[in-house]
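Student: Before we start, here is the structure in question, set down as structure tokens.
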Amino acid sequence: MIRTIKTFDHWLQVLTTFLHYVSNGLLFFIMLMISFDVIWRNIFNRPLTGAFEMTELGSALLVFFSLAITHQYKEHISIGFIVDKMSAKVKGLVLGIIEIGIFIILIVMSNQLFSNAARVMGRNTTTSDLSLPIYPFLYLSAFAAIVFAFVALSSGLKYWIKAVDKS
């Protein structure tokens, strides 16, 4: 069981690292897009076509792609004034339950994102300036949310293993 979790965790690490690199690329792209838009406005008195919507879509993907690695390395804000006072076993059980709760919420959220992407695809909804289809961005966000969900599941299982460990 523990070996299976370690293998699962290894592949999650690979996937979250890949998403992290993609999010870094998106951040660089957004930075360039905004810089060129400002330069174009000031020099040629004309905005860069589609800069706003590319920045908007890129920012949404940036957030979704960064959530899993942030959770994996426990870099998010947490308030543990009650949990920190518990014994190690109880703390492991409580944190495991919280992580499984996060997993369930993210699975429901991913399902809704996939459903919304299918509806948007059926309606052929596009952006206003560049006429880009919106559904691929929703599918990518849903995929990133699923990766985040599995990071939470893995974390919850690790907390429970620590809680029941006899050493």
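To be explicit about the labels: the chains of the structure tokens are called A, B, and onward in the order shown, and within each one the residues are counted from 1, while ligands get numbers from 1 in the order they are shown.
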Residues near segment 85-90 of chain A, anyone? I mean within 9 Å using only C-alpha atoms, not counting same-chain ones fewer than 3 positions away, as a ChimeraX atom specification.
Tutor: /A:80-82,93-95,159-160,162-165
Student: Kindly export the residues of the current selection with C-alpha atoms, as a PDB file, in the first residue's frame.
Tutor:
```pdb
ATOM      1  CA  GLY A  80      -3.972  25.944  12.795  1.00  0.00           C
ATOM      2  CA  PHE A  81      -4.548  27.357  16.254  1.00  0.00           C
ATOM      3  CA  ILE A  82      -6.841  24.448  17.175  1.00  0.00           C
ATOM      4  CA  LEU A  93      -6.522  12.139  11.486  1.00  0.00           C
ATOM      5  CA  VAL A  94      -8.057  15.634  11.432  1.00  0.00           C
ATOM      6  CA  LEU A  95      -5.707  16.895   8.704  1.00  0.00           C
ATOM      7  CA  TYR A 159      -1.509  12.144   7.073  1.00  0.00           C
ATOM      8  CA  TRP A 160      -3.554   9.030   7.899  1.00  0.00           C
ATOM      9  CA  LYS A 162       1.429   8.945   9.872  1.00  0.00           C
ATOM     10  CA  ALA A 163      -1.476   8.907  12.332  1.00  0.00           C
ATOM     11  CA  VAL A 164      -1.710   5.104  12.472  1.00  0.00           C
ATOM     12  CA  ASP A 165       2.046   4.480  12.341  1.00  0.00           C
TER      13      ASP A 165
END
```
Student: Using only C-alpha atoms, which protein or nucleic acid residues come within 12 Å of Val14 of chain A? Drop anything in the same chain fewer than 6 positions from it, and give the result as an MDAnalysis selection string.
Tutor: chainID A and resid 7:8 20:21 68:69 72 147 151
Student: How would the residues just chosen look if you wrote them out with N, CA and C atoms as a PDB file, in the first residue's frame?
Tutor:
```pdb
ATOM      1  N   THR A   7       4.529   5.608  -5.409  1.00  0.00           N
ATOM      2  CA  THR A   7       4.537   5.667  -6.878  1.00  0.00           C
ATOM      3  C   THR A   7       3.545   6.715  -7.368  1.00  0.00           C
ATOM      4  N   PHE A   8       2.338   6.693  -6.797  1.00  0.00           N
ATOM      5  CA  PHE A   8       1.308   7.675  -7.130  1.00  0.00           C
ATOM      6  C   PHE A   8       1.814   9.082  -6.851  1.00  0.00           C
ATOM      7  N   HIS A  20       3.586  23.457 -13.146  1.00  0.00           N
ATOM      8  CA  HIS A  20       4.282  24.615 -12.593  1.00  0.00           C
ATOM      9  C   HIS A  20       5.128  25.303 -13.670  1.00  0.00           C
ATOM     10  N   TYR A  21       5.844  24.520 -14.474  1.00  0.00           N
ATOM     11  CA  TYR A  21       6.644  25.098 -15.553  1.00  0.00           C
ATOM     12  C   TYR A  21       5.757  25.776 -16.595  1.00  0.00           C
ATOM     13  N   ALA A  68      -1.946  23.191  -7.552  1.00  0.00           N
ATOM     14  CA  ALA A  68      -1.519  21.858  -7.121  1.00  0.00           C
ATOM     15  C   ALA A  68      -0.137  21.888  -6.478  1.00  0.00           C
ATOM     16  N   ILE A  69       0.812  22.579  -7.104  1.00  0.00           N
ATOM     17  CA  ILE A  69       2.158  22.593  -6.538  1.00  0.00           C
ATOM     18  C   ILE A  69       2.203  23.409  -5.247  1.00  0.00           C
ATOM     19  N   GLN A  72       0.932  21.021  -2.727  1.00  0.00           N
ATOM     20  CA  GLN A  72       1.875  19.931  -2.507  1.00  0.00           C
ATOM     21  C   GLN A  72       3.008  20.346  -1.568  1.00  0.00           C
ATOM     22  N   VAL A 147      -5.862  17.465 -10.959  1.00  0.00           N
ATOM     23  CA  VAL A 147      -4.512  17.227 -10.431  1.00  0.00           C
ATOM     24  C   VAL A 147      -4.427  17.738  -8.998  1.00  0.00           C
ATOM     25  N   VAL A 151      -3.608  15.650  -5.519  1.00  0.00           N
ATOM     26  CA  VAL A 151      -2.574  16.077  -4.569  1.00  0.00           C
ATOM     27  C   VAL A 151      -3.164  16.099  -3.160  1.00  0.00           C
TER      28      VAL A 151
END
```
Student: Write out as a list of chain:residue names the residues lying within 12 Å of segment 107-115 of chain A, counting only C-alpha atoms and excluding same-chain residues fewer than 4 positions away.
Tutor: A:Phe64, A:Ile100, A:Gly101, A:Ile102, A:Phe103, A:Arg119, A:Val120, A:Met121, A:Gly122, A:Tyr135, A:Pro136, A:Phe137, A:Leu138, A:Tyr139, A:Leu140, A:Ser141, A:Ala142, A:Phe143, A:Ala144, A:Ala145, A:Ile146, A:Val147, A:Phe148, A:Ala149, A:Phe150, A:Val151, A:Ala152, A:Leu153
Student: Excluding Thr70 of chain A and residues on its chain fewer than 3 positions from it, collect all residues at most 10 Å away from it, counting only C-alpha atoms, and give them as a VMD selection string.
Tutor: chain A and resid 16 20 65 to 67 73 to 76 148 151
Student: Using only C-alpha atoms, which of A:Thr4, A:Ser128, A:Asn42, A:Gln13 sits nearest Leu157 of chain A?
Tutor: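 So, comparing all the options, the nearest one is A:Thr4.
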